[in-house]
Structure formats: C-alpha cells, structure tokens
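Trainee: Got work.cif for you, mmCIF, C-alpha atoms:
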```
data_my_file
loop_
_atom_site.group_PDB
_atom_site.id
_atom_site.type_symbol
_atom_site.label_atom_id
_atom_site.label_comp_id
_atom_site.auth_asym_id
_atom_site.auth_seq_id
_atom_site.Cartn_x
_atom_site.Cartn_y
_atom_site.Cartn_z
ATOM 1 C CA MET A 1 95.835 130.377 120.409
ATOM 2 C CA VAL A 2 94.757 133.326 118.267
ATOM 3 C CA THR A 3 91.732 131.616 116.735
ATOM 4 C CA SER A 4 90.784 129.059 119.418
ATOM 5 C CA SER A 5 91.010 131.122 122.617
ATOM 6 C CA PRO A 6 88.150 133.583 121.853
ATOM 7 C CA PRO A 7 85.630 130.769 121.137
ATOM 8 C CA ALA A 8 86.663 129.110 124.397
ATOM 9 C CA MET A 9 85.979 132.363 126.254
ATOM 10 C CA GLY A 10 82.732 132.722 124.319
ATOM 11 C CA LEU A 11 81.558 129.342 125.590
ATOM 12 C CA GLY A 12 82.188 130.639 129.089
ATOM 13 C CA LEU A 13 79.640 133.366 128.356
ATOM 14 C CA GLU A 14 77.045 130.885 127.133
ATOM 15 C CA PRO A 15 73.647 131.351 128.837
ATOM 16 C CA ALA A 16 72.595 128.601 131.221
ATOM 17 C CA HIS A 17 70.605 125.755 129.697
ATOM 18 C CA PRO A 18 66.852 126.423 130.162
ATOM 19 C CA LYS A 19 66.356 122.959 131.702
ATOM 20 C CA VAL A 20 69.441 122.979 133.922
ATOM 21 C CA MET A 21 67.369 123.067 137.137
ATOM 22 C CA LYS A 22 65.381 120.033 136.012
ATOM 23 C CA ARG A 23 68.448 117.833 135.742
ATOM 24 C CA PRO A 24 68.982 115.432 138.654
ATOM 25 C CA SER A 25 71.987 116.066 140.854
ATOM 26 C CA ARG A 26 75.032 113.834 140.554
ATOM 27 C CA LYS A 27 76.964 112.170 143.312
ATOM 28 C CA GLY A 28 79.786 114.350 144.623
ATOM 29 C CA LYS A 29 82.212 111.479 144.183
ATOM 30 C CA PHE A 30 82.099 111.769 140.401
ATOM 31 C CA GLY A 31 83.908 114.668 138.713
ATOM 32 C CA ILE A 32 83.112 116.839 135.705
ATOM 33 C CA PHE A 33 84.533 114.269 133.281
ATOM 34 C CA THR A 34 81.379 112.213 132.919
ATOM 35 C CA THR A 35 81.095 109.235 130.618
ATOM 36 C CA GLU A 36 79.379 111.408 128.012
ATOM 37 C CA VAL A 37 82.142 114.035 128.102
ATOM 38 C CA ILE A 38 84.877 111.419 127.719
ATOM 39 C CA VAL A 39 83.061 109.738 124.815
ATOM 40 C CA ASP A 40 82.577 113.155 123.164
ATOM 41 C CA ILE A 41 86.291 113.942 123.450
ATOM 42 C CA PHE A 42 87.278 110.655 121.824
ATOM 43 C CA PHE A 43 84.625 110.838 119.095
ATOM 44 C CA TYR A 44 85.246 114.407 117.984
ATOM 45 C CA GLY A 45 89.013 114.042 118.320
ATOM 46 C CA ILE A 46 89.107 110.924 116.150
ATOM 47 C CA LEU A 47 86.685 112.456 113.633
ATOM 48 C CA MET A 48 88.720 115.662 113.296
ATOM 49 C CA GLY A 49 92.054 113.876 113.142
ATOM 50 C CA THR A 50 90.851 111.384 110.541
ATOM 51 C CA LEU A 51 89.371 114.073 108.287
ATOM 52 C CA CYS A 52 92.432 116.321 108.492
ATOM 53 C CA LEU A 53 94.802 113.430 107.791
ATOM 54 C CA ALA A 54 92.607 112.331 104.894
ATOM 55 C CA GLY A 55 92.692 115.873 103.487
ATOM 56 C CA PHE A 56 96.478 115.917 103.690
ATOM 57 C CA MET A 57 96.783 112.551 101.945
ATOM 58 C CA ILE A 58 94.300 113.466 99.196
ATOM 59 C CA SER A 59 96.083 116.729 98.514
ATOM 60 C CA LEU A 60 99.464 115.024 98.499
ATOM 61 C CA TYR A 61 98.792 111.817 96.569
ATOM 62 C CA VAL A 62 95.561 112.383 94.611
ATOM 63 C CA ILE A 63 95.748 116.030 93.609
ATOM 64 C CA GLY A 64 99.525 116.300 93.947
ATOM 65 C CA ASP A 65 102.366 114.126 92.722
ATOM 66 C CA GLY A 66 103.217 112.606 96.112
ATOM 67 C CA ASN A 67 106.572 114.375 96.310
ATOM 68 C CA LEU A 68 107.460 115.080 99.952
ATOM 69 C CA GLY A 69 110.392 117.263 98.959
ATOM 70 C CA ILE A 70 113.713 117.766 100.721
ATOM 71 C CA ASN A 71 114.334 119.933 103.803
ATOM 72 C CA CYS A 72 110.803 121.318 103.670
ATOM 73 C CA ASN A 73 110.972 122.415 107.304
ATOM 74 C CA SER A 74 113.874 124.777 106.651
ATOM 75 C CA SER A 75 113.905 128.133 104.886
ATOM 76 C CA GLY A 76 115.885 129.263 101.891
ATOM 77 C CA VAL A 77 117.587 127.391 99.084
ATOM 78 C CA ASN A 78 117.845 124.182 101.137
ATOM 79 C CA SER A 79 114.149 123.468 100.513
ATOM 80 C CA ILE A 80 113.743 121.453 97.315
ATOM 81 C CA ASN A 81 110.522 120.339 95.587
ATOM 82 C CA CYS A 82 108.343 121.320 98.554
ATOM 83 C CA THR A 83 105.399 122.810 96.652
ATOM 84 C CA THR A 84 103.177 119.733 96.935
ATOM 85 C CA VAL A 85 103.795 119.109 100.619
ATOM 86 C CA TYR A 86 103.329 122.815 101.377
ATOM 87 C CA ARG A 87 99.930 122.769 99.700
ATOM 88 C CA SER A 88 98.988 119.600 101.587
ATOM 89 C CA ARG A 89 99.983 121.219 104.863
ATOM 90 C CA THR A 90 97.731 124.136 104.015
ATOM 91 C CA VAL A 91 94.781 121.790 103.548
ATOM 92 C CA SER A 92 95.456 120.129 106.889
ATOM 93 C CA PHE A 93 95.990 123.441 108.708
ATOM 94 C CA ILE A 94 92.876 125.186 107.397
ATOM 95 C CA SER A 95 90.775 122.063 107.896
ATOM 96 C CA MET A 96 91.818 121.644 111.534
ATOM 97 C CA SER A 97 91.435 125.354 112.327
ATOM 98 C CA SER A 98 87.994 125.478 110.700
ATOM 99 C CA LEU A 99 86.756 122.319 112.422
ATOM 100 C CA LEU A 100 87.893 123.577 115.825
ATOM 101 C CA LEU A 101 86.055 126.857 115.306
ATOM 102 C CA ILE A 102 82.863 125.171 114.097
ATOM 103 C CA HIS A 103 83.124 122.738 116.992
ATOM 104 C CA GLY A 104 82.832 125.763 119.276
ATOM 105 C CA TRP A 105 79.219 126.027 118.123
ATOM 106 C CA ASN A 106 78.829 122.273 118.594
ATOM 107 C CA CYS A 107 79.812 122.664 122.235
ATOM 108 C CA LYS A 108 76.866 124.957 122.940
ATOM 109 C CA ASP A 109 74.816 121.816 123.466
ATOM 110 C CA SER A 110 76.106 118.264 123.603
ATOM 111 C CA GLN A 111 72.972 116.778 122.031
ATOM 112 C CA LYS A 112 71.038 119.527 120.257
ATOM 113 C CA SER A 113 71.446 119.807 116.487
ATOM 114 C CA LEU A 114 73.648 122.620 115.214
ATOM 115 C CA PHE A 115 70.882 123.624 112.812
ATOM 116 C CA THR A 116 68.329 124.163 115.584
ATOM 117 C CA MET A 117 70.576 126.249 117.833
ATOM 118 C CA ASN A 118 70.267 130.006 118.170
ATOM 119 C CA LEU A 119 73.852 130.868 117.292
ATOM 120 C CA TRP A 120 73.167 134.587 117.508
ATOM 121 C CA GLU A 121 72.191 134.563 121.196
ATOM 122 C CA ASN A 122 75.875 134.380 122.180
ATOM 123 C CA LYS A 123 77.310 137.186 120.052
ATOM 124 C CA PHE A 124 80.803 136.888 121.496
ATOM 125 C CA LEU A 125 81.020 133.244 120.452
ATOM 126 C CA PHE A 126 79.374 133.950 117.095
ATOM 127 C CA PHE A 127 81.860 136.658 116.104
ATOM 128 C CA SER A 128 84.781 134.690 117.555
ATOM 129 C CA VAL A 129 84.059 131.860 115.130
ATOM 130 C CA ILE A 130 83.412 134.137 112.141
ATOM 131 C CA ILE A 131 86.494 136.301 112.735
ATOM 132 C CA GLY A 132 88.593 133.180 113.368
ATOM 133 C CA LEU A 133 87.556 131.760 109.997
ATOM 134 C CA CYS A 134 88.277 135.105 108.301
ATOM 135 C CA LEU A 135 91.769 135.139 109.819
ATOM 136 C CA THR A 136 92.475 131.516 108.889
ATOM 137 C CA PHE A 137 91.498 131.456 105.216
ATOM 138 C CA PRO A 138 93.927 134.161 103.936
ATOM 139 C CA THR A 139 97.047 132.729 105.636
ATOM 140 C CA PRO A 140 98.201 130.645 102.616
ATOM 141 C CA TYR A 141 98.405 133.811 100.499
ATOM 142 C CA ILE A 142 100.289 136.199 102.820
ATOM 143 C CA PRO A 143 103.969 136.442 101.778
ATOM 144 C CA GLY A 144 106.391 135.861 104.610
ATOM 145 C CA ILE A 145 103.701 134.128 106.664
ATOM 146 C CA HIS A 146 102.757 131.060 104.646
ATOM 147 C CA ASP A 147 106.312 130.239 103.579
ATOM 148 C CA SER A 148 108.527 131.361 106.474
ATOM 149 C CA VAL A 149 106.212 130.855 109.462
ATOM 150 C CA PHE A 150 103.770 128.063 108.580
ATOM 151 C CA LYS A 151 105.791 126.358 105.819
ATOM 152 C CA GLN A 152 102.707 126.191 103.642
ATOM 153 C CA GLY A 153 101.729 127.210 100.137
ATOM 154 C CA PRO A 154 98.822 128.780 98.236
ATOM 155 C CA ILE A 155 96.072 126.391 97.138
ATOM 156 C CA ASP A 156 93.296 126.430 94.544
ATOM 157 C CA VAL A 157 91.420 123.204 93.773
ATOM 158 C CA GLU A 158 92.251 121.986 97.288
ATOM 159 C CA TRP A 159 89.550 124.303 98.619
ATOM 160 C CA ALA A 160 87.043 121.718 97.404
ATOM 161 C CA VAL A 161 88.715 119.149 99.672
ATOM 162 C CA ILE A 162 88.478 121.534 102.637
ATOM 163 C CA GLY A 163 84.810 122.165 101.877
ATOM 164 C CA CYS A 164 84.111 118.422 101.790
ATOM 165 C CA ILE A 165 85.939 117.954 105.096
ATOM 166 C CA ILE A 166 83.809 120.623 106.782
ATOM 167 C CA VAL A 167 80.598 119.110 105.387
ATOM 168 C CA LEU A 168 81.616 115.612 106.515
ATOM 169 C CA PHE A 169 82.460 116.885 109.988
ATOM 170 C CA VAL A 170 79.082 118.587 110.381
ATOM 171 C CA PHE A 171 77.339 115.488 109.002
ATOM 172 C CA GLY A 172 79.241 113.178 111.361
ATOM 173 C CA SER A 173 78.504 115.459 114.307
ATOM 174 C CA GLU A 174 74.798 115.529 113.499
ATOM 175 C CA ILE A 175 74.613 111.732 113.205
ATOM 176 C CA TYR A 176 76.440 111.382 116.534
ATOM 177 C CA LYS A 177 74.126 113.849 118.262
ATOM 178 C CA LEU A 178 71.093 112.126 116.775
ATOM 179 C CA PHE A 179 72.334 108.843 118.235
ATOM 180 C CA LYS A 180 72.741 110.470 121.630
ATOM 181 C CA ARG A 181 69.274 112.011 121.546
ATOM 182 C CA LYS A 182 67.780 108.607 120.739
ATOM 183 C CA PHE A 183 69.837 106.302 122.932
ATOM 184 C CA TRP A 184 71.999 108.238 125.396
ATOM 185 C CA LYS A 185 69.183 108.884 127.874
ATOM 186 C CA ALA A 186 68.724 105.145 128.364
ATOM 187 C CA LEU A 187 72.474 104.635 128.633
ATOM 188 C CA ARG A 188 72.708 107.482 131.139
ATOM 189 C CA ILE A 189 70.023 105.858 133.325
ATOM 190 C CA VAL A 190 71.974 102.609 133.342
ATOM 191 C CA SER A 191 75.182 104.490 134.145
ATOM 192 C CA SER A 192 73.445 106.375 136.958
ATOM 193 C CA ASN A 193 72.218 103.107 138.461
ATOM 194 C CA VAL A 194 75.731 101.689 138.323
ATOM 195 C CA GLU A 195 77.099 104.809 140.043
ATOM 196 C CA GLU A 196 74.474 104.521 142.800
ATOM 197 C CA VAL A 197 75.411 100.871 143.358
ATOM 198 C CA MET A 198 79.102 101.814 143.580
ATOM 199 C CA VAL A 199 78.383 104.560 146.103
ATOM 200 C CA ASP A 200 76.179 102.230 148.168
ATOM 201 C CA GLU A 201 78.937 99.622 148.190
ATOM 202 C CA ASP A 202 81.466 102.211 149.372
ATOM 203 C CA HIS A 203 79.142 103.250 152.167
ATOM 204 C CA SER A 204 78.654 99.602 153.139
ATOM 205 C CA ASP A 205 82.415 99.053 153.295
ATOM 206 C CA THR A 206 82.819 102.177 155.439
ATOM 207 C CA ASP A 207 80.109 101.060 157.850
ATOM 208 C CA THR A 208 81.660 97.599 158.108
ATOM 209 C CA ASN A 209 85.072 99.024 158.937
#
```
Can you present the structure in this file as structure tokens?

Mentor:
Amino acid sequence: MVTSSPPAMGLGLEPAHPKVMKRPSRKGKFGIFTTEVIVDIFFYGILMGTLCLAGFMISLYVIGDGNLGINCNSSGVNSINCTTVYRSRTVSFISMSSLLLIHGWNCKDSQKSLFTMNLWENKFLFFSVIIGLCLTFPTPYIPGIHDSVFKQGPIDVEWAVIGCIIVLFVFGSEIYKLFKRKFWKALRIVSSNVEEVMVDEDHSDTDTN
C-alpha cells in the first residue's frame, strides 16, 4: 500500500489522451473491462508472476544451497538455517515491488512504448515511482524490518538477478505493446463488428417479443 497507492493516484492525474475525442464511442452495454483490458491484466500478471517466481528459484537453488530452513516464518531461536530462503524472499519482494512501480509508467498508455513516453509530464506519477523504488531497495538492510517484519535477509550478488528481471519485464512489455500496435487495431475492428452484431440481435429479440 505504501509504494503502490501513490502511483495509482498519479495515474488518476494523467492528462487526457490527445486523440481521445477521435476514438469511436462504444455501446453502452459493454463495460470498462474491454477485451484489451482483460488481455492486458492476464499478460502482465503472468509475466510479473513468472519473473518473480523465477527470481526466487534462481536465488534459492542456483545461487543458494536450496535449504528452505525450519520455522522461517517465526522469530527468534526457532528459525533454523533460514538465510538462503530469506535472501530468496528478498529477491522476490524487491522484484515484484519494482515491477509494479515500473508498470505504473506502462499504464500511461496501453500501446505506446515506454521509451517514447513523456514521463515527466505527470510529475506526481514520476516521483511516486522514483520514491517508491528508493523506499523499496533499502528494506533488506534495515535491522528489525527485514528480519522481524518481512522475514527477509540482505543480498549482494542477487541484485544482478533483480536487474535481469526488470530488464526482461521491460523487454516483454515492449514486445507485447509492439504486437498490439501492429495487430490489435485489426482485432479491435473484428471485435467491434461482433459487438454490433450482438447488440443488433438483442434489439431484434426485443422487437419480436
């Protein structure tokens, strides 16, 4: 809530799209969850989840010794051999937090490339993401926070894994948006035609009754 809420509010302050008045109106029967929105939710959710899980597994079994420890969710002397799993949790936590914050910039435009956006035009969103990242990165090194609250541990070489995860997320997002810029317009036309047919059929049924 601390890091994700400000970007969400920042998106609410996003200026209107310059071509918003040129977009055709949609039928009132269909809600805000369009086909494109639903596909976006599934794509980005699966991409984020896969990358974060992969980061956890790499930290645990490739960099670490694969030891899951004993009672690693409890505090005190009951926790045994939890160093590796704590470090892996840190990788997963920082990766997910960072991807969510960067995705805030992604949400400025569902099809436009992140590298062609004017990130500075929405200063509230810009500083929300930057401050969120600055608050996230130090958490594994704050005594009493990383061990007692988050059940995580300090990391070193694992930062390379986090960096790769962020790069892969941006790369995957750009490929997905490129696909949408090339093909989604045609798909949207087909979808619109299907919606019009459905509405016409409903009207026909109403008239018949």

Trainee: Evaluating the PyMOL selection byres ((chain A and resi 152) around 8) on the displayed file yields which residues, as number ranges by chain?

Mentor: A: 85-90, 140, 146-147, 150-151, 153-154

Trainee: How big is the axis-aligned box around the listed atoms of stretch 1-17 of chain A once 5 Å is added on each side, and where is its centre? Give both in Å to one decimal, as AutoDock Vina command-line options.

Mentor:
```
--center_x 83.2 --center_y 129.7 --center_z 124.0 --size_x 35.2 --size_y 17.8 --size_z 24.5
```

Trainee: Can you give me, as a PyMOL selection string, the residues this file yields under the PyMOL selection byres ((chain A and resi 163-173) around 9)?

Mentor: chain A and resi 44+47-48+51-52+54-55+95+98-99+102-103+106+113-114+158-162+174-178

Trainee: Quick one, how far is atom CA of A:Leu125 from atom CA of A:Trp105?

Mentor: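 Taking atom CA of A:Leu125 and atom CA of A:Trp105, their separation equals 7.8 Å.
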
Trainee: Considering all atoms listed in the file, give me a table of residues in stretch 86-130 of chain A that are at most 8 Å from stretch 5-9 of chain A, with the closest atom pair and distance in Å for each, as a Markdown table.

Mentor:
```
| residue | atom | partner | partner_atom | distance |
| --- | --- | --- | --- | --- |
| A:Leu101 | CA | A:Pro7 | CA | 7.0 |
| A:Gly104 | CA | A:Pro7 | CA | 6.0 |
| A:Phe124 | CA | A:Pro7 | CA | 7.8 |
| A:Leu125 | CA | A:Pro7 | CA | 5.3 |
| A:Ser128 | CA | A:Pro7 | CA | 5.4 |
| A:Val129 | CA | A:Pro7 | CA | 6.3 |
```

Trainee: Just so the selection is clear, what residues does the PyMOL selection byres ((chain A and resi 69) around 10) cover here, as a list in words?

Mentor: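 That expression, the PyMOL selection byres ((chain A and resi 69) around 10), corresponds here to Gly66, Asn67, Leu68, Ile70, Asn71, Cys72, Asn73, Ser79, Ile80, Asn81, Cys82, Thr83, Thr84, Val85 and Tyr86 of chain A.
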
Trainee: Which residues come within 12 Å of A:Leu135, counting only C-alpha atoms, excluding same-chain residues fewer than 3 positions away, as a PDB file with C-alpha atoms, keeping the file's coordinate frame?

Mentor:
```
ATOM      1  CA  VAL A   2      94.757 133.326 118.267  1.00  0.00           C
ATOM      2  CA  THR A   3      91.732 131.616 116.735  1.00  0.00           C
ATOM      3  CA  SER A   4      90.784 129.059 119.418  1.00  0.00           C
ATOM      4  CA  ILE A  94      92.876 125.186 107.397  1.00  0.00           C
ATOM      5  CA  SER A  97      91.435 125.354 112.327  1.00  0.00           C
ATOM      6  CA  SER A  98      87.994 125.478 110.700  1.00  0.00           C
ATOM      7  CA  LEU A 101      86.055 126.857 115.306  1.00  0.00           C
ATOM      8  CA  PHE A 127      81.860 136.658 116.104  1.00  0.00           C
ATOM      9  CA  SER A 128      84.781 134.690 117.555  1.00  0.00           C
ATOM     10  CA  VAL A 129      84.059 131.860 115.130  1.00  0.00           C
ATOM     11  CA  ILE A 130      83.412 134.137 112.141  1.00  0.00           C
ATOM     12  CA  ILE A 131      86.494 136.301 112.735  1.00  0.00           C
ATOM     13  CA  GLY A 132      88.593 133.180 113.368  1.00  0.00           C
ATOM     14  CA  PRO A 138      93.927 134.161 103.936  1.00  0.00           C
ATOM     15  CA  THR A 139      97.047 132.729 105.636  1.00  0.00           C
ATOM     16  CA  PRO A 140      98.201 130.645 102.616  1.00  0.00           C
ATOM     17  CA  TYR A 141      98.405 133.811 100.499  1.00  0.00           C
ATOM     18  CA  ILE A 142     100.289 136.199 102.820  1.00  0.00           C
TER      19      ILE A 142
END
```

Trainee: Which of these residues is nearest to A:Ser110, using only C-alpha atoms: A:Glu14, A:Asp40, A:Thr35, A:Ser25?

Mentor: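 Result for the nearest residue to A:Ser110: A:Asp40.
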
Trainee: Which value, in Å to one decimal, gives the distance between atom CA of A:Pro15 and atom CA of A:Asn122?

Mentor: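 Separating atom CA of A:Pro15 from atom CA of A:Asn122 is a distance of 7.6 Å.
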
Trainee: State, in Å with one decimal place, the distance from atom CA of A:Ile58 to atom CA of A:Val91.

Mentor: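 That distance, rounded to one decimal, is 9.4 Å.
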